[in-house]
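Asker: Here it is: the structure, laid out below.
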Amino acid sequence: MTVSAAELSAMARARELGAGVLGTTSPNPAVGAVVLAADGTPVGEGATAPPGGPHAEVRALEQAGERACGGTAVVTLEPCAHTGRTGPCADALLAAGVARVVVAVPEPTQLAGGGAARLRAAGVEVELGVAQQAAEEGALGAWLTGVREGRPFVVWKVAGTLDGRVAAADGSSRWVTGPDARAAVHRLRATCDAVVIGSGTALADDPQLTVRDADGRDAARQPLRVVLDRRRRLPRTARVLDDAAPTLVSTAASPRELLGELFARDVRRVLLEGGPTLAAAFLRDGLVDEAVVHLAPKLLGAGAPLVGDLGITGIGNALTLTVTGLTHLGGDVEIRLRPTRHTGDRRVADHHGATGGS
Ligand SMILES: NC(=O)c1ccc[n+]([C@@H]2O[C@H](COP(=O)([O-])OP(=O)(O)OC[C@H]3O[C@@H](n4cnc5c(N)ncnc54)[C@H](OP(=O)(O)O)[C@@H]3O)[C@@H](O)[C@H]2O)c1
């Protein structure tokens, strides 16, 4: 495989573009694309529009215009060959006259597959699998989890003190972390299709769970708010039931059942915001794909723990995670992690309805 430095840097930009629309494209993948002119100069870029809108390649080609002719399209996901709500991207690339297509992730669904083959048959050079892992671990991760496991990707977010307390002994937990960390939580919510809490958190904190900007204004697009409340303890006056965003109060018996309900509603990326009892239930079932932990340099010495009982008694059985990122957020620290032991049920779907394709 021969890939130029310009193509690799275009692929890094395509990953960024995909990440920029995360949370707005479900059930479609958040794809990014860059078009390079024949001399390697970037002349167009695009990312997947909300469902029904144009795919990333089409947007990038529109921007490039005639400069795409004889050039290269760099895309995070193989261009689709099927007509869904929009036409096949492979045909759009052929019509624009691109000579070469560089792809990170080969299309995993049969429904939308065949794009590379169609392009090659028309004489276009296609490179598949370029910086594939980075793309799979980036904005495409949520959609790929849906394809492979038939469930949404789960990000568990928790804010705790140095000694791992998420609330003080009197139950107060509102200001564990500072304003920068809280703003980061709003940005994280915006990348998700649903935000999930247990009834314990709803009763203790009465959170609104909306996405708000730095001035406290509600964002135009709000994720679905979800409260797991099997005993129906949530009062009608709970703030999560206001009209600022849609809300689902679920009595699902298990995290897996809840994720099934959410998947059926086109949710592909879930933010699990607690609390410790529900987080433990997801972790026990192997249903956490990424963790975002905000640690405040404070000690409480007592209070609710970061996570409830995981049924682990020996250190040899500890649930181990790998640190993937470390950032200062004001006076607090954000640690991003991935569980190294994934017990999820891996299943490759052979067709994927309207959700296939770039
Ligand atoms: N600092 C933070 O980041 C943070 C975040 C969240 C919460 N908190 C704190 O955590 C405390 C609340 O903790 P919590 O553990 O009670 O809250 P929780 O985990 O949000 O809620 C627990 C409740 O969820 C319900 N649930 C539904 N399905 C479940 C399942 N499959 N497995 C387990 N539970 C399920 C159960 O009630 P039903 O049986 O009625 O369904 C259970 O009592 C509060 O003090 C809050 O301030 C802190």
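Residue names in the structure tokens use chain letters A, B, ... in the order shown, residue numbers from 1 in each chain, and ligand numbers from 1 in the order shown.
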List all protein, DNA and RNA residues that have an atom no more than 8 Å from any atom of ligand 1, counting only C-alpha atoms and all ligand atoms, and report them as a PyMOL selection string.
Answerer: chain A and resi 157-160+165-168+171-174+176+197-205+227-233+251-255+273-282+294+303-308
Asker: Report as a Markdown table the residues of segment 188-299 of chain A within 10 Å of segment 337-341 of chain A, each with its shortest atom pair and distance in Å (one decimal), using only C-alpha atoms, ordered by chain and increasing residue number.
Answerer:
| residue | atom | partner | partner_atom | distance |
| --- | --- | --- | --- | --- |
| A:Leu283 | CA | A:Pro339 | CA | 9.2 |
| A:Gly286 | CA | A:Arg341 | CA | 8.0 |
| A:Leu287 | CA | A:Pro339 | CA | 9.8 |
| A:Val288 | CA | A:Pro339 | CA | 7.4 |
| A:Asp289 | CA | A:Arg338 | CA | 6.2 |
| A:Glu290 | CA | A:Arg338 | CA | 4.7 |
| A:Ala291 | CA | A:Leu337 | CA | 5.0 |
| A:Val292 | CA | A:Leu337 | CA | 6.5 |
| A:Val293 | CA | A:Leu337 | CA | 8.0 |
Asker: For those residues, write N, CA and C atoms to a file as an mmCIF file, in the first residue's frame.
Answerer:
data_model
loop_
_atom_site.group_PDB
_atom_site.id
_atom_site.type_symbol
_atom_site.label_atom_id
_atom_site.label_comp_id
_atom_site.auth_asym_id
_atom_site.auth_seq_id
_atom_site.Cartn_x
_atom_site.Cartn_y
_atom_site.Cartn_z
ATOM 1 N N LEU A 283 -20.974 -2.147 34.071
ATOM 2 C CA LEU A 283 -19.615 -2.705 34.056
ATOM 3 C C LEU A 283 -19.647 -4.221 34.255
ATOM 4 N N GLY A 286 -20.282 -5.986 31.117
ATOM 5 C CA GLY A 286 -19.345 -5.728 30.012
ATOM 6 C C GLY A 286 -19.888 -4.745 29.007
ATOM 7 N N LEU A 287 -20.672 -3.765 29.476
ATOM 8 C CA LEU A 287 -21.347 -2.857 28.559
ATOM 9 C C LEU A 287 -20.844 -1.419 28.662
ATOM 10 N N VAL A 288 -19.593 -1.254 29.105
ATOM 11 C CA VAL A 288 -18.972 0.077 29.069
ATOM 12 C C VAL A 288 -17.835 0.016 28.044
ATOM 13 N N ASP A 289 -17.875 0.888 27.039
ATOM 14 C CA ASP A 289 -16.868 0.876 25.976
ATOM 15 C C ASP A 289 -15.771 1.905 26.214
ATOM 16 N N GLU A 290 -16.111 2.961 26.929
ATOM 17 C CA GLU A 290 -15.139 4.009 27.210
ATOM 18 C C GLU A 290 -15.525 4.651 28.541
ATOM 19 N N ALA A 291 -14.522 5.090 29.308
ATOM 20 C CA ALA A 291 -14.819 5.790 30.560
ATOM 21 C C ALA A 291 -14.173 7.167 30.520
ATOM 22 N N VAL A 292 -14.919 8.166 30.984
ATOM 23 C CA VAL A 292 -14.380 9.526 31.120
ATOM 24 C C VAL A 292 -14.519 9.876 32.596
ATOM 25 N N VAL A 293 -13.377 9.928 33.290
ATOM 26 C CA VAL A 293 -13.390 10.154 34.739
ATOM 27 C C VAL A 293 -12.837 11.542 35.030
#
Asker: Could you find all residues in segment 22-142 of chain A that DSSP calls helix (DSSP H, G or I) from the backbone, and write them as JSON, numbers by chain?
Answerer: {"A": [56, 57, 58, 59, 60, 61, 62, 63, 64, 65, 66, 67, 68, 89, 90, 91, 92, 93, 94, 95, 96, 115, 116, 117, 118, 119, 120, 121, 132, 133, 134, 135, 136, 137, 141, 142]}
Asker: Quick one: of A:Gly71, A:Arg268, A:Pro223, A:Gln63, who's nearest to Arg148 of chain A, counting only C-alpha atoms?
Answerer: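 Once distances to Arg148 of chain A are computed over only C-alpha atoms, the minimum belongs to A:Arg268.
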Asker: Would you pick out the contacts of Glu137 of chain A at 12 Å or less, using only C-alpha atoms, so that residues sharing its chain but fewer than 6 positions from it are not included, and give the list as a VMD selection string?
Answerer: chain A and resid 15 18 to 19 76 104 to 105 131 143 to 145 153 289 to 290 324 337 to 338
Asker: For Ala81 of chain A, please output as a ChimeraX atom specification all residues within 7 Å (counting only C-alpha atoms; exclusion window: fewer than 6 positions along the same chain).
Answerer: /A:88-90,112-115
Asker: For Leu61 of chain A, list every protein, DNA or RNA residue within 12 Å, evaluated using only C-alpha atoms, and leave out those in the same chain fewer than 2 positions away; present the list as a ChimeraX atom specification.
Answerer: /A:33-37,42-47,54-59,63-69,71-75,89-98
Asker: Go ahead and save the residues from that selection, with C-alpha atoms, as a compact mmCIF listing (two decimals), in the first residue's frame.
Answerer:
# COMPACT_ATOMS: atom_id res chain seq x y z
CA ALA A 33 -13.96 13.26 3.89
CA VAL A 34 -11.32 15.45 2.26
CA VAL A 35 -10.80 15.92 -1.49
CA LEU A 36 -7.30 16.59 -2.77
CA ALA A 37 -6.72 18.11 -6.21
CA PRO A 42 -6.85 20.02 -0.22
CA VAL A 43 -9.77 21.55 -2.16
CA GLY A 44 -12.85 20.28 -0.34
CA GLU A 45 -13.94 18.77 2.94
CA GLY A 46 -17.16 17.51 4.43
CA ALA A 47 -18.81 15.41 7.13
CA PRO A 54 -25.78 14.45 2.07
CA HIS A 55 -22.95 12.09 3.01
CA ALA A 56 -19.42 13.34 3.73
CA GLU A 57 -17.98 12.63 0.25
CA VAL A 58 -20.81 14.46 -1.49
CA ARG A 59 -20.29 17.56 0.66
CA GLN A 63 -16.82 22.17 -2.19
CA ALA A 64 -14.08 20.92 -4.51
CA GLY A 65 -16.11 21.42 -7.71
CA GLU A 66 -14.09 20.80 -10.88
CA ARG A 67 -10.82 20.64 -8.92
CA ALA A 68 -11.82 17.10 -7.83
CA CYS A 69 -11.27 15.84 -11.39
CA GLY A 71 -7.72 14.16 -7.71
CA THR A 72 -8.04 11.93 -4.62
CA ALA A 73 -10.88 11.49 -2.16
CA VAL A 74 -9.78 10.58 1.39
CA VAL A 75 -12.63 9.12 3.47
CA CYS A 89 -21.40 7.96 -2.91
CA ALA A 90 -19.34 5.73 -5.22
CA ASP A 91 -21.31 7.12 -8.18
CA ALA A 92 -20.83 10.70 -6.99
CA LEU A 93 -17.05 10.11 -6.88
CA LEU A 94 -17.10 8.62 -10.39
CA ALA A 95 -19.16 11.54 -11.72
CA ALA A 96 -16.64 13.98 -10.24
CA GLY A 97 -13.82 12.17 -12.03
CA VAL A 98 -11.61 11.38 -9.02
Asker: Quick check for you: according to DSSP on this backbone, which residues of segment 157-279 of chain A are classed as strand (DSSP E)? Reply as a PyMOL selection string.
Answerer: chain A and resi 157-161+194-198+224-228+247-250+269-272
Asker: So that I can check the surroundings of segment 211-222 of chain A, please list as a PyMOL selection string every protein, DNA and RNA residue that reaches within 10 Å of it, counting only C-alpha atoms and ignoring chain neighbours fewer than 2 positions away.
Answerer: chain A and resi 23-24+179-180+182-183+185-195+208-209+224-225+244-246
Asker: Given the selection you just returned, output its residues as a file containing N, CA and C atoms, formatted as a compact mmCIF listing (two decimals), in the first residue's frame.
Answerer:
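For reference, selection_23.txt as written:
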# COMPACT_ATOMS: atom_id res chain seq x y z
N GLY A 23 -22.84 12.62 17.23
CA GLY A 23 -24.04 12.99 18.00
C GLY A 23 -25.12 13.62 17.12
N THR A 24 -24.84 13.83 15.83
CA THR A 24 -25.86 14.45 14.97
C THR A 24 -26.27 13.56 13.80
N PRO A 179 -15.89 24.49 37.14
CA PRO A 179 -16.64 24.88 35.94
C PRO A 179 -16.07 24.33 34.64
N ASP A 180 -14.74 24.20 34.52
CA ASP A 180 -14.19 23.69 33.26
C ASP A 180 -14.60 22.24 33.03
N ARG A 182 -17.24 20.81 34.30
CA ARG A 182 -18.70 20.75 34.04
C ARG A 182 -19.01 21.17 32.61
N ALA A 183 -18.26 22.14 32.09
CA ALA A 183 -18.46 22.54 30.68
C ALA A 183 -18.08 21.38 29.75
N VAL A 185 -18.45 18.29 30.38
CA VAL A 185 -19.55 17.32 30.41
C VAL A 185 -20.63 17.72 29.42
N HIS A 186 -20.91 19.00 29.32
CA HIS A 186 -21.92 19.45 28.34
C HIS A 186 -21.47 19.18 26.91
N ARG A 187 -20.17 19.38 26.65
CA ARG A 187 -19.66 19.09 25.30
C ARG A 187 -19.74 17.58 25.02
N LEU A 188 -19.46 16.78 26.05
CA LEU A 188 -19.53 15.32 25.90
C LEU A 188 -20.98 14.88 25.64
N ARG A 189 -21.92 15.45 26.39
CA ARG A 189 -23.34 15.13 26.17
C ARG A 189 -23.73 15.40 24.73
N ALA A 190 -23.21 16.51 24.18
CA ALA A 190 -23.60 16.91 22.81
C ALA A 190 -23.14 15.89 21.77
N THR A 191 -22.15 15.05 22.11
CA THR A 191 -21.69 14.04 21.14
C THR A 191 -22.49 12.74 21.25
N CYS A 192 -23.48 12.72 22.13
CA CYS A 192 -24.22 11.48 22.38
C CYS A 192 -25.68 11.62 21.96
N ASP A 193 -26.31 10.48 21.70
CA ASP A 193 -27.72 10.47 21.31
C ASP A 193 -28.63 10.34 22.54
N ALA A 194 -28.09 9.83 23.64
CA ALA A 194 -28.89 9.67 24.85
C ALA A 194 -28.00 9.79 26.08
N VAL A 195 -28.58 10.31 27.17
CA VAL A 195 -27.87 10.43 28.44
C VAL A 195 -28.68 9.62 29.46
N GLN A 208 -31.19 18.16 35.34
CA GLN A 208 -32.02 18.42 34.17
C GLN A 208 -31.51 17.62 32.96
N LEU A 209 -30.20 17.31 32.96
CA LEU A 209 -29.57 16.47 31.93
C LEU A 209 -29.62 17.03 30.52
N LEU A 224 -31.61 12.41 23.94
CA LEU A 224 -32.73 11.83 24.69
C LEU A 224 -32.29 11.65 26.15
N ARG A 225 -33.10 12.09 27.09
CA ARG A 225 -32.78 11.88 28.52
C ARG A 225 -33.44 10.57 28.95
N ALA A 244 -37.65 20.68 28.11
CA ALA A 244 -36.42 21.17 27.48
C ALA A 244 -35.82 20.14 26.51
N ALA A 245 -36.19 18.86 26.66
CA ALA A 245 -35.66 17.80 25.81
C ALA A 245 -36.57 16.58 25.97
N PRO A 246 -36.53 15.65 25.01
CA PRO A 246 -37.34 14.43 25.17
C PRO A 246 -36.78 13.55 26.29
Asker: So which residues touch Val124 of chain A within 8 Å, counting only C-alpha atoms, skipping near sequence neighbours fewer than 6 positions away, as number ranges by chain?
Answerer: A: 98-101
Asker: Could you please determine the separation between atom CA of Pro106 of chain A and atom CA of Glu78 of chain A in Å, to one decimal place?
Answerer: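 That distance, rounded to one decimal, is 5.0 Å.
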Asker: Contacts between segment 262-266 of chain A and segment 128-183 of chain A, please, where a residue of segment 128-183 of chain A counts if it comes within 9 Å (with only C-alpha atoms); show its shortest atom pair and distance in Å to one decimal, rows by chain and ascending number, as a Markdown table.
Answerer:
| residue | atom | partner | partner_atom | distance |
| --- | --- | --- | --- | --- |
| A:Gly146 | CA | A:Phe263 | CA | 7.9 |
| A:Gly150 | CA | A:Phe263 | CA | 7.4 |
| A:Arg151 | CA | A:Phe263 | CA | 5.6 |
| A:Pro152 | CA | A:Phe263 | CA | 5.9 |
Asker: Could you state the separation of atom CA of Arg120 of chain A and atom CA of Gly138 of chain A in Å, given to one decimal place?
Answerer: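 So the answer is 27.0 Å.
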Asker: Restricting the calculation to only C-alpha atoms, which member of A:Thr83, A:Thr41, A:Ser26, A:Leu128 is positioned closest to Ala5 of chain A?
Answerer: A:Thr41
Asker: Measure the distance from atom CA of Asp39 of chain A to atom CA of Glu7 of chain A in Å and round it to one decimal.
Answerer: 11.4 Å
Asker: Restricting the calculation to only C-alpha atoms, which member of A:Gly129, A:Gly178, A:Gly330, A:Gly52 is positioned closest to Leu8 of chain A?
Answerer: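 Going through A:Gly129, A:Gly178, A:Gly330, A:Gly52 one by one, the smallest distance to Leu8 of chain A is for A:Gly129.
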